[in-house]
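*Asks:* Have a peek at model_14.txt (compact mmCIF, C-alpha atoms and all ligand atoms).
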# COMPACT_ATOMS: atom_id res chain seq x y z
CA MET M 1 18.32 31.04 26.04
CA SER M 2 17.22 33.64 23.52
CA VAL M 3 16.05 36.92 24.97
CA ARG M 4 14.85 38.26 21.67
CA GLY M 5 11.60 36.28 21.67
CA SER M 6 10.34 33.83 19.08
CA LYS M 7 10.61 34.36 15.40
CA VAL M 8 7.34 34.60 13.54
CA SER M 9 7.20 32.67 10.32
CA ARG M 10 4.15 31.46 8.51
CA SER M 11 5.81 28.72 6.58
CA SER M 12 8.56 27.24 8.75
CA ALA M 13 6.70 23.98 9.41
CA LYS M 14 6.17 23.51 5.72
CA LYS M 15 9.80 24.30 4.96
CA THR M 16 11.23 21.87 7.46
CA GLY M 17 8.85 19.17 6.26
CA GLN M 18 9.91 19.84 2.73
CA ASN M 19 13.54 19.30 3.66
CA VAL M 20 12.83 16.00 5.36
CA LEU M 21 10.71 14.43 2.61
CA LYS M 22 12.50 13.12 -0.45
CA LEU M 23 10.37 12.06 -3.41
CA SER M 24 12.46 8.89 -3.74
CA THR M 25 11.01 7.70 -0.40
CA LEU M 26 7.37 8.02 -1.54
CA ILE M 27 5.30 5.23 -3.06
CA GLN M 28 2.13 6.11 -4.95
CA PRO M 29 -0.78 3.63 -4.80
CA CYS M 30 -2.66 3.07 -8.10
CA PHE M 31 -5.92 1.23 -8.75
CA VAL M 32 -6.37 -0.67 -11.99
CA VAL M 33 -9.70 -1.63 -13.58
CA GLY M 34 -10.54 -3.47 -16.78
CA GLY M 35 -11.80 -1.77 -19.95
CA LYS M 36 -10.56 1.25 -21.84
CA GLY M 37 -10.64 5.00 -21.39
CA ILE M 38 -11.70 4.76 -17.75
CA GLN M 39 -10.83 7.26 -15.06
CA ASP M 40 -13.28 6.70 -12.27
CA PRO M 41 -12.89 9.14 -9.31
CA ILE M 42 -13.39 7.76 -5.80
CA GLN M 43 -15.89 9.87 -3.92
CA SER M 44 -14.52 9.34 -0.43
CA MET M 45 -10.96 10.08 -1.61
CA PRO M 46 -10.87 13.32 -3.60
CA GLY M 47 -8.02 13.28 -6.11
CA ILE M 48 -7.82 9.47 -6.33
CA SER M 49 -9.28 7.46 -9.23
CA ARG M 50 -9.42 3.97 -10.61
CA PHE M 51 -7.83 3.73 -14.05
CA SER M 52 -8.01 1.35 -16.97
CA VAL M 53 -4.53 0.38 -18.17
CA ASP M 54 -4.45 2.95 -21.02
CA ARG M 55 -5.34 5.79 -18.62
CA LEU M 56 -3.01 4.49 -15.93
CA ILE M 57 -0.10 5.07 -18.29
CA ARG M 58 -1.00 8.75 -18.43
CA GLU M 59 -1.39 8.92 -14.67
CA VAL M 60 1.98 7.28 -14.07
CA ARG M 61 3.59 9.53 -16.66
CA SER M 62 2.37 12.68 -14.95
CA SER M 63 3.62 11.48 -11.55
CA TYR M 64 6.89 10.30 -13.06
CA ASP M 65 7.43 13.67 -14.73
CA LEU M 66 7.02 15.25 -11.30
CA GLY M 67 9.66 12.95 -9.81
CA ILE M 68 7.71 9.98 -8.36
CA THR M 69 9.47 6.72 -9.19
CA LYS M 70 7.74 4.08 -7.02
CA PHE M 71 4.21 2.78 -7.53
CA LEU M 72 2.10 0.19 -5.73
CA LEU M 73 -0.56 -1.38 -7.95
CA PHE M 74 -3.90 -2.78 -6.84
CA GLY M 75 -6.43 -4.56 -9.00
CA ALA M 76 -10.01 -3.38 -8.56
CA PRO M 77 -11.92 -5.71 -10.90
CA GLN M 78 -15.65 -5.35 -11.47
CA ALA M 79 -16.05 -9.08 -12.00
CA LYS M 80 -15.51 -11.06 -8.81
CA SER M 81 -15.89 -14.70 -7.89
CA TRP M 82 -16.08 -16.77 -4.73
CA LYS M 83 -12.48 -17.97 -5.12
CA GLY M 84 -11.17 -14.71 -6.53
CA THR M 85 -9.61 -16.44 -9.54
CA SER M 86 -9.19 -13.21 -11.51
CA ALA M 87 -6.45 -12.32 -9.01
CA TYR M 88 -4.19 -15.18 -10.08
CA ASP M 89 -5.29 -15.97 -13.64
CA ASP M 90 -2.36 -15.68 -16.01
CA ASP M 91 -3.44 -12.50 -17.73
CA ASN M 92 -4.91 -10.74 -14.69
CA ILE M 93 -5.49 -7.01 -14.76
CA VAL M 94 -2.45 -6.13 -12.64
CA ALA M 95 -0.18 -8.29 -14.82
CA GLN M 96 -1.52 -6.46 -17.89
CA ALA M 97 -0.72 -3.11 -16.30
CA LEU M 98 2.76 -4.24 -15.26
CA LYS M 99 3.70 -5.38 -18.75
CA VAL M 100 2.81 -2.05 -20.29
CA LEU M 101 4.31 0.10 -17.53
CA LYS M 102 7.57 -1.85 -17.54
CA ILE M 103 8.04 -1.08 -21.23
CA LYS M 104 7.02 2.58 -20.99
CA PHE M 105 8.96 3.32 -17.79
CA PRO M 106 11.86 0.87 -17.52
CA ASP M 107 13.44 2.65 -14.55
CA ILE M 108 10.48 2.93 -12.17
CA THR M 109 9.94 0.56 -9.24
CA LEU M 110 6.72 -1.41 -9.58
CA MET M 111 5.19 -3.03 -6.53
CA THR M 112 1.95 -4.99 -6.36
CA ASP M 113 -0.51 -5.78 -3.59
CA ILE M 114 -1.01 -9.52 -3.11
CA CYS M 115 -4.39 -10.21 -1.54
CA LEU M 116 -7.71 -11.64 -2.69
CA CYS M 117 -10.20 -9.26 -1.03
CA ALA M 118 -10.76 -7.09 -4.12
CA TYR M 119 -11.38 -10.19 -6.23
CA THR M 120 -13.67 -12.30 -4.04
CA THR M 121 -17.44 -11.91 -3.88
CA HIS M 122 -17.30 -12.35 -0.07
CA GLY M 123 -14.59 -9.67 0.31
CA HIS M 124 -12.30 -11.70 2.56
CA CYS M 125 -8.56 -11.80 1.93
CA GLY M 126 -8.30 -15.52 1.17
CA ILE M 127 -10.14 -18.63 0.02
CA VAL M 128 -13.21 -19.41 2.13
CA PRO M 129 -14.69 -22.89 1.58
CA LYS M 130 -18.43 -22.63 0.82
CA GLY M 131 -20.56 -22.95 3.93
CA LYS M 132 -17.61 -22.10 6.19
CA GLU M 133 -16.70 -18.76 7.68
CA LYS M 134 -13.00 -19.38 7.92
CA ILE M 135 -10.13 -18.84 5.52
CA HIS M 136 -8.54 -22.05 4.26
CA ARG M 137 -4.84 -21.51 4.80
CA ALA M 138 -3.20 -23.96 2.38
CA SER M 139 -5.33 -23.05 -0.65
CA THR M 140 -4.98 -19.35 0.15
CA LEU M 141 -1.18 -19.58 0.32
CA LYS M 142 -1.24 -21.30 -3.05
CA ALA M 143 -3.49 -18.63 -4.57
CA LEU M 144 -1.36 -15.80 -3.14
CA SER M 145 1.88 -17.31 -4.40
CA ASP M 146 0.34 -17.97 -7.83
CA MET M 147 -0.75 -14.34 -7.93
CA ALA M 148 2.75 -13.20 -6.94
CA LEU M 149 4.27 -15.36 -9.66
CA THR M 150 2.03 -13.88 -12.39
CA HIS M 151 3.09 -10.40 -11.26
CA ALA M 152 6.77 -11.35 -11.16
CA LYS M 153 6.52 -12.74 -14.70
CA ALA M 154 4.87 -9.52 -15.84
CA GLY M 155 7.67 -7.38 -14.42
CA ALA M 156 6.90 -6.56 -10.76
CA ASP M 157 10.01 -5.50 -8.85
CA TYR M 158 8.33 -6.16 -5.51
CA VAL M 159 5.28 -8.17 -4.53
CA ALA M 160 3.58 -7.10 -1.33
CA PRO M 161 1.51 -9.78 0.43
CA SER M 162 -1.23 -8.09 2.47
CA ALA M 163 -3.64 -10.92 3.23
CA MET M 164 -2.10 -11.49 6.67
CA ILE M 165 -2.22 -15.26 6.32
CA ASP M 166 0.47 -16.99 8.38
CA GLY M 167 3.36 -18.06 6.20
CA GLN M 168 2.52 -15.84 3.21
CA VAL M 169 6.02 -14.39 2.80
CA LYS M 170 7.65 -17.81 3.02
CA ALA M 171 5.24 -19.42 0.55
CA ILE M 172 5.70 -16.60 -1.96
CA ARG M 173 9.49 -16.58 -1.61
CA GLN M 174 9.57 -20.33 -2.28
CA LYS M 175 7.32 -20.10 -5.30
CA LEU M 176 9.27 -17.20 -6.83
CA ASP M 177 12.60 -18.97 -6.29
CA GLN M 178 11.32 -22.23 -7.76
CA HIS M 179 10.42 -20.39 -10.94
CA GLY M 180 13.63 -18.44 -11.30
CA PHE M 181 12.43 -15.13 -9.88
CA GLN M 182 15.05 -14.80 -7.16
CA GLN M 183 15.45 -11.15 -8.11
CA THR M 184 11.80 -10.30 -7.43
CA ARG M 185 11.66 -8.85 -3.95
CA ILE M 186 9.02 -8.95 -1.24
CA MET M 187 7.57 -6.10 0.78
CA GLY M 188 5.69 -7.69 3.68
CA TYR M 189 2.62 -6.02 5.11
CA SER M 190 4.19 -7.33 8.28
CA ALA M 191 2.44 -5.35 11.01
CA LYS M 192 -0.97 -4.80 9.47
CA PHE M 193 -3.58 -4.01 12.05
CA ALA M 194 -7.34 -4.63 11.85
CA SER M 195 -8.10 -0.94 11.46
CA ASN M 196 -11.07 1.34 10.99
CA PHE M 197 -8.84 3.52 8.84
CA TYR M 198 -9.25 1.25 5.79
CA GLY M 199 -12.88 2.41 5.31
CA PRO M 200 -12.46 4.42 2.10
CA PHE M 201 -10.21 1.76 0.55
CA ARG M 202 -13.01 -0.76 0.78
CA ASP M 203 -15.06 1.63 -1.37
CA ILE M 204 -12.29 1.77 -3.94
CA ALA M 205 -11.85 -1.96 -4.20
CA ASP M 206 -15.45 -2.76 -3.28
CA SER M 207 -13.91 -5.18 -0.80
CA ALA M 208 -15.81 -4.83 2.48
CA PRO M 209 -16.31 -8.33 3.93
CA ALA M 210 -19.80 -9.66 3.24
CA PHE M 211 -19.81 -11.43 6.62
CA GLY M 212 -17.67 -11.13 9.75
CA ASP M 213 -14.60 -8.90 9.80
CA ARG M 214 -10.84 -9.20 9.43
CA THR M 215 -9.92 -9.48 13.10
CA GLY M 216 -9.28 -13.20 12.60
CA TYR M 217 -6.18 -12.48 10.50
CA GLN M 218 -5.29 -8.79 10.81
CA LEU M 219 -3.60 -7.76 14.06
CA ASP M 220 -5.16 -6.53 17.28
CA TYR M 221 -4.16 -2.89 17.76
CA CYS M 222 -3.80 -3.44 21.50
CA LYS M 223 -1.04 -5.98 21.01
CA ALA M 224 2.27 -4.40 20.08
CA ASP M 225 4.24 -7.54 21.00
CA VAL M 226 2.37 -9.66 18.45
CA ALA M 227 3.05 -7.06 15.75
CA LEU M 228 6.77 -6.97 16.50
CA ARG M 229 6.89 -10.77 16.40
CA LYS M 230 5.19 -10.73 12.99
CA VAL M 231 7.78 -8.32 11.64
CA LYS M 232 10.61 -10.56 12.87
CA GLU M 233 8.93 -13.59 11.29
CA ASP M 234 8.63 -11.79 7.96
CA ILE M 235 12.30 -10.84 8.01
CA GLN M 236 13.27 -14.44 8.75
CA SER M 237 10.99 -15.61 5.94
CA GLY M 238 12.75 -13.42 3.39
CA ALA M 239 10.96 -10.06 3.37
CA ASP M 240 13.14 -7.35 1.79
CA ILE M 241 11.05 -4.48 3.17
CA VAL M 242 8.79 -4.65 6.24
CA MET M 243 5.73 -2.47 6.61
CA VAL M 244 3.65 -1.01 9.40
CA LYS M 245 0.06 -0.19 8.51
CA PRO M 246 -1.76 2.11 9.21
CA ALA M 247 0.84 4.78 9.91
CA LEU M 248 -0.49 7.67 11.96
CA GLY M 249 -1.75 5.87 15.04
CA TYR M 250 1.12 3.37 14.96
CA LEU M 251 4.30 5.38 15.19
CA ASP M 252 5.33 3.60 18.40
CA ILE M 253 5.41 0.39 16.36
CA VAL M 254 7.36 2.05 13.54
CA ARG M 255 10.02 3.24 15.98
CA GLN M 256 10.35 -0.15 17.64
CA VAL M 257 10.57 -1.93 14.29
CA LYS M 258 13.14 0.54 13.03
CA ASP M 259 15.27 -0.07 16.13
CA PHE M 260 15.74 -3.78 15.38
CA SER M 261 15.05 -4.19 11.67
CA CYS M 262 17.92 -4.98 9.33
CA LYS M 263 15.51 -4.27 6.43
CA PRO M 264 14.04 -0.94 5.29
CA VAL M 265 10.82 0.00 7.05
CA ALA M 266 7.79 1.22 5.10
CA VAL M 267 4.64 2.80 6.50
CA TYR M 268 1.27 2.84 4.79
CA ASN M 269 -0.45 6.19 5.18
CA VAL M 270 -3.85 4.60 4.53
CA SER M 271 -7.08 5.72 2.90
CA GLY M 272 -8.79 6.80 6.13
CA GLU M 273 -5.84 8.97 7.11
CA TYR M 274 -5.98 10.59 3.68
CA ALA M 275 -9.74 11.15 3.98
CA LEU M 276 -9.26 12.79 7.40
CA VAL M 277 -6.81 15.28 5.93
CA LYS M 278 -9.10 16.02 2.98
CA ASN M 279 -12.19 16.45 5.13
CA GLY M 280 -10.32 18.82 7.44
CA VAL M 281 -9.19 20.85 4.45
CA LYS M 282 -12.76 21.01 3.19
CA SER M 283 -13.97 22.19 6.58
CA GLY M 284 -11.27 24.87 6.77
CA LEU M 285 -9.54 23.24 9.76
CA TRP M 286 -6.06 23.30 8.27
CA LYS M 287 -4.04 23.96 5.13
CA GLU M 288 -3.44 20.82 3.12
CA LYS M 289 0.23 21.30 2.40
CA ASN M 290 1.10 22.18 6.00
CA ILE M 291 -0.78 19.28 7.56
CA VAL M 292 0.58 16.77 5.04
CA TYR M 293 4.16 17.85 5.71
CA GLU M 294 3.60 17.65 9.45
CA ILE M 295 2.08 14.18 9.28
CA LEU M 296 4.64 12.76 6.87
CA SER M 297 7.52 14.25 8.83
CA SER M 298 6.25 12.37 11.88
CA PHE M 299 6.60 9.12 9.90
CA LYS M 300 10.19 10.00 9.06
CA ARG M 301 10.91 10.94 12.67
CA ALA M 302 9.53 7.60 13.83
CA GLY M 303 11.95 5.83 11.50
CA ALA M 304 10.11 5.18 8.23
CA ASP M 305 12.42 4.71 5.24
CA LEU M 306 9.54 4.54 2.74
CA ILE M 307 6.04 6.04 2.81
CA ILE M 308 3.13 4.67 0.81
CA THR M 309 0.82 7.65 0.47
CA TYR M 310 -2.08 8.95 -1.61
CA HIS M 311 -0.53 12.42 -1.15
CA ALA M 312 2.53 11.46 -3.22
CA LYS M 313 1.58 13.31 -6.39
CA ASP M 314 0.50 16.46 -4.53
CA ILE M 315 3.77 16.51 -2.61
CA ALA M 316 5.68 16.18 -5.86
CA LYS M 317 3.72 19.15 -7.26
CA TRP M 318 4.42 21.24 -4.17
CA GLN M 319 8.11 20.51 -4.42
CA LYS M 320 8.32 21.64 -8.05
C1 LIG M 401 -5.90 -5.52 0.95
C2 LIG M 401 -5.53 -4.16 1.36
C3 LIG M 401 -6.28 -3.22 2.10
C4 LIG M 401 -5.52 -2.07 2.13
C5 LIG M 401 -4.35 -2.33 1.45
N1 LIG M 401 -4.36 -3.63 0.99
C6 LIG M 401 -7.63 -3.33 2.67
C7 LIG M 401 -7.88 -4.11 3.88
O1 LIG M 401 -7.01 -4.80 4.40
O2 LIG M 401 -9.01 -4.09 4.32
C8 LIG M 401 -5.93 -0.79 2.77
C9 LIG M 401 -5.27 0.42 2.22
C10 LIG M 401 -5.88 1.71 2.59
O3 LIG M 401 -6.81 1.79 3.43
O4 LIG M 401 -5.45 2.70 2.02
N2 LIG M 401 -6.14 -6.42 1.97
What does the file become when written as structure tokens?
Ligand code: PBG
*Replies:*
Amino acid sequence: MSVRGSKVSRSSAKKTGQNVLKLSTLIQPCFVVGGKGIQDPIQSMPGISRFSVDRLIREVRSSYDLGITKFLLFGAPQAKSWKGTSAYDDDNIVAQALKVLKIKFPDITLMTDICLCAYTTHGHCGIVPKGKEKIHRASTLKALSDMALTHAKAGADYVAPSAMIDGQVKAIRQKLDQHGFQQTRIMGYSAKFASNFYGPFRDIADSAPAFGDRTGYQLDYCKADVALRKVKEDIQSGADIVMVKPALGYLDIVRQVKDFSCKPVAVYNVSGEYALVKNGVKSGLWKEKNIVYEILSSFKRAGADLIITYHAKDIAKWQK
């Protein structure tokens, strides 16, 4: 044991965090809207905006120049419909973004969220027959796999089903294979819990459910065994990456998944976790860089191979 006492260093936590986090493990979420010349900041998430495709190119370029190479795209359309058809129409907004980004940045990894909640007027993640308050599984699986196919055709490297409808990975894998997109991979939102931490996201995508909540299809945070079963199911169904979401309160799940998974494990450091950090910074509770490195290092420690995080661009700037 040292008899010389403890060393005093103001930045050791930051430095160790910096060593642990590689930019190649970070995935930056991006929100795409229709129109031109739009950069629309999200109030509850300082630093995050919705972009029209032309502005998104600039955003991706600035992250890319800083060393970020993986992006997860979400559509946030203004026009919605009961069946959310703008999610899976041939020339949907995410497909438009993919086509342009693929040409401008041929070596980045493009991932897309596959879910209907941002596209439906009722805000649920699937097709809800009129007059019912329940998601119709078969038509939802068809819509999700159609959506995945349009993204694959437009150049997505990974599609990421997040609707939490049973069988979504299998249905999408089948559809992609049938159409010759065997090389398009799937990142399953495998252990996605019904969480309060998605609050700010529902502002971004204007996707809060108009009735009921998502506990019917997202997972109960008291039930770790169900979550682990879901991850195993996704792997068997052909998922190439499995995800745990949210991240911060779920590191026990991340560790358990990492211990058995033959596939890379991603965590989603969600909107509410980001907003907590930002609000604490604003209130003077902590320094942004230090807290972000501490939190993200805990994801790595728990076993995360990939981290989807709204902090990605800031981290890249700090590491410059
Ligand atoms: C779509 C989806 C959500 C998030 C990612 N994909 C919202 C939800 O499930 O309610 C949340 C991401 C975040 O909070 O950052 N279903």
*Asks:* Which one is closest to Asp259 in chain M: M:Leu228, M:Ile172, M:Ser52, M:Tyr274? Count all atoms listed in the file.
*Replies:*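 Ranked by minimum distance to Asp259 in chain M, first place goes to M:Leu228.
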*Asks:* Each residue of chain M with at least one atom at most 6 Å from ligand LIG 401 (chain M) should appear once, together with its nearest atom pair and the corresponding distance in Å (one decimal); atoms considered: only C-alpha atoms and all ligand atoms; ordering: chain, then increasing residue number; output as CSV.
*Replies:*
residue,atom,partner,partner_atom,distance
M:Cys115,CA,M:LIG401,N2,5.5
M:Cys117,CA,M:LIG401,N2,5.8
M:Cys125,CA,M:LIG401,N2,5.9
M:Ser162,CA,M:LIG401,N2,5.2
M:Ala163,CA,M:LIG401,N2,5.3
M:Tyr198,CA,M:LIG401,O3,3.4
M:Phe201,CA,M:LIG401,O3,4.5
M:Val270,CA,M:LIG401,O4,3.5
M:Ser271,CA,M:LIG401,O4,3.5
*Asks:* Would you put the residues from that selection into a file with C-alpha atoms, as a compact mmCIF listing (two decimals), in the frame of the given file?
*Replies:*
# COMPACT_ATOMS: atom_id res chain seq x y z
CA CYS M 115 -4.39 -10.21 -1.54
CA CYS M 117 -10.20 -9.26 -1.03
CA CYS M 125 -8.56 -11.80 1.93
CA SER M 162 -1.23 -8.09 2.47
CA ALA M 163 -3.64 -10.92 3.23
CA TYR M 198 -9.25 1.25 5.79
CA PHE M 201 -10.21 1.76 0.55
CA VAL M 270 -3.85 4.60 4.53
CA SER M 271 -7.08 5.72 2.90
*Asks:* Using all atoms listed in the file, which protein or nucleic acid residues come within 12 Å of Arg50 in chain M? Drop anything in the same chain fewer than 5 positions from it, and give the result as a PyMOL selection string.
*Replies:* chain M and resi 29-43+45+55-56+59+73-78+201+203-206
*Asks:* Pick out the residues sitting within 8 Å of range 248-254 of chain M, and hand them over as a compact mmCIF listing (two decimals) with C-alpha atoms, in the coordinates of the input; count all atoms listed in the file, and ignore anything fewer than 2 positions along from it in its own chain.
*Replies:*
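The result, written out as selection.txt:
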# COMPACT_ATOMS: atom_id res chain seq x y z
CA ALA M 224 2.27 -4.40 20.08
CA ALA M 227 3.05 -7.06 15.75
CA LEU M 228 6.77 -6.97 16.50
CA VAL M 244 3.65 -1.01 9.40
CA LYS M 245 0.06 -0.19 8.51
CA PRO M 246 -1.76 2.11 9.21
CA GLN M 256 10.35 -0.15 17.64
CA VAL M 257 10.57 -1.93 14.29
CA LYS M 258 13.14 0.54 13.03
CA VAL M 265 10.82 0.00 7.05
CA VAL M 267 4.64 2.80 6.50
CA ASN M 269 -0.45 6.19 5.18
CA GLU M 273 -5.84 8.97 7.11
CA ILE M 295 2.08 14.18 9.28
CA SER M 298 6.25 12.37 11.88
CA PHE M 299 6.60 9.12 9.90
CA ALA M 302 9.53 7.60 13.83
CA GLY M 303 11.95 5.83 11.50
CA ALA M 304 10.11 5.18 8.23
*Asks:* Rank nothing, just name the residue among M:Trp286, M:His136, M:Lys263, M:Ile108 nearest to Arg61 in chain M, using all atoms listed in the file.
*Replies:*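 That would be M:Ile108, the residue with the smallest distance to Arg61 in chain M.
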*Asks:* Smallest atom-to-atom distance to Gly167 in chain M: which of M:Val231, M:Ala154, M:Leu110, M:Leu116, using only C-alpha atoms?
*Replies:* M:Val231
*Asks:* I'd like to know which of M:Ala247, M:Val169, M:Ala210, M:Lys153 is closest to Lys192 in chain M, using all atoms listed in the file.
*Replies:*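 Going through M:Ala247, M:Val169, M:Ala210, M:Lys153 one by one, the smallest distance to Lys192 in chain M is for M:Ala247.
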*Asks:* Suppose you want the space between CA of Thr309 in chain M and CA of Ala266 in chain M; what is it in Å?
*Replies:*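 According to the coordinates, CA of Thr309 in chain M and CA of Ala266 in chain M are separated by 10.6 Å.
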*Asks:* Counting all atoms listed in the file, which of M:Ile93, M:Ile57, M:Ala312, M:Met187 gets nearest to Phe105 in chain M?
*Replies:*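 That would be M:Ile57, the residue with the smallest distance to Phe105 in chain M.
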*Asks:* What is the CA of Leu21 in chain M-CA of Ser190 in chain M distance in Å, reported with one decimal?
*Replies:* 23.4 Å
*Asks:* Considering only C-alpha atoms, can you say which of M:Ala208, M:Val277, M:Asp220, M:Arg185 comes closest to Glu294 in chain M?
*Replies:* M:Val277
*Asks:* Just the residues within 9 Å of Gln168 in chain M, please, counting all atoms listed in the file, with nothing from its chain fewer than 2 positions along; format it as a PyMOL selection string.
*Replies:* chain M and resi 140-141+144-145+161-166+170-173+188+234+237
*Asks:* Could you work out how far CA of Gly212 in chain M lies from CA of Lys132 in chain M, giving the answer in Å with one decimal?
*Replies:*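 For CA of Lys132 in chain M relative to CA of Gly212 in chain M, the distance reads 11.5 Å.
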*Asks:* Residues at most 10 Å from Thr85 in chain M, counting all atoms listed in the file, excluding those fewer than 6 positions away in the same chain, as a list in words?
*Replies:*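 The residues satisfying every condition are Asn92, Leu116, Tyr119, Thr120, Ile127, Ala143 and Met147 of chain M.
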*Asks:* Could you list, as a PDB file with C-alpha atoms, in the frame of the given file, every residue within 9 Å of Leu23 in chain M, counting all atoms listed in the file and ignoring same-chain residues fewer than 5 positions away?
*Replies:*
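Output (part_9.pdb):
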ATOM      1  CA  GLY M  67       9.660  12.950  -9.810  1.00  0.00           C
ATOM      2  CA  ILE M  68       7.710   9.980  -8.360  1.00  0.00           C
ATOM      3  CA  THR M  69       9.470   6.720  -9.190  1.00  0.00           C
ATOM      4  CA  ALA M 312       2.530  11.460  -3.220  1.00  0.00           C
ATOM      5  CA  ILE M 315       3.770  16.510  -2.610  1.00  0.00           C
ATOM      6  CA  ALA M 316       5.680  16.180  -5.860  1.00  0.00           C
ATOM      7  CA  GLN M 319       8.110  20.510  -4.420  1.00  0.00           C
TER       8      GLN M 319
END
*Asks:* Step by step, gather every atom of range 44-47 of chain M that the file lists, find the box along x, y and z that holds them, add 6 Å on each side, and finally give centre and edge lengths in Å to one decimal, as lines of an AutoDock Vina configuration file.
*Replies:*
center_x = -11.3
center_y = 11.3
center_z = -3.3
size_x = 18.5
size_y = 16.0
size_z = 17.7
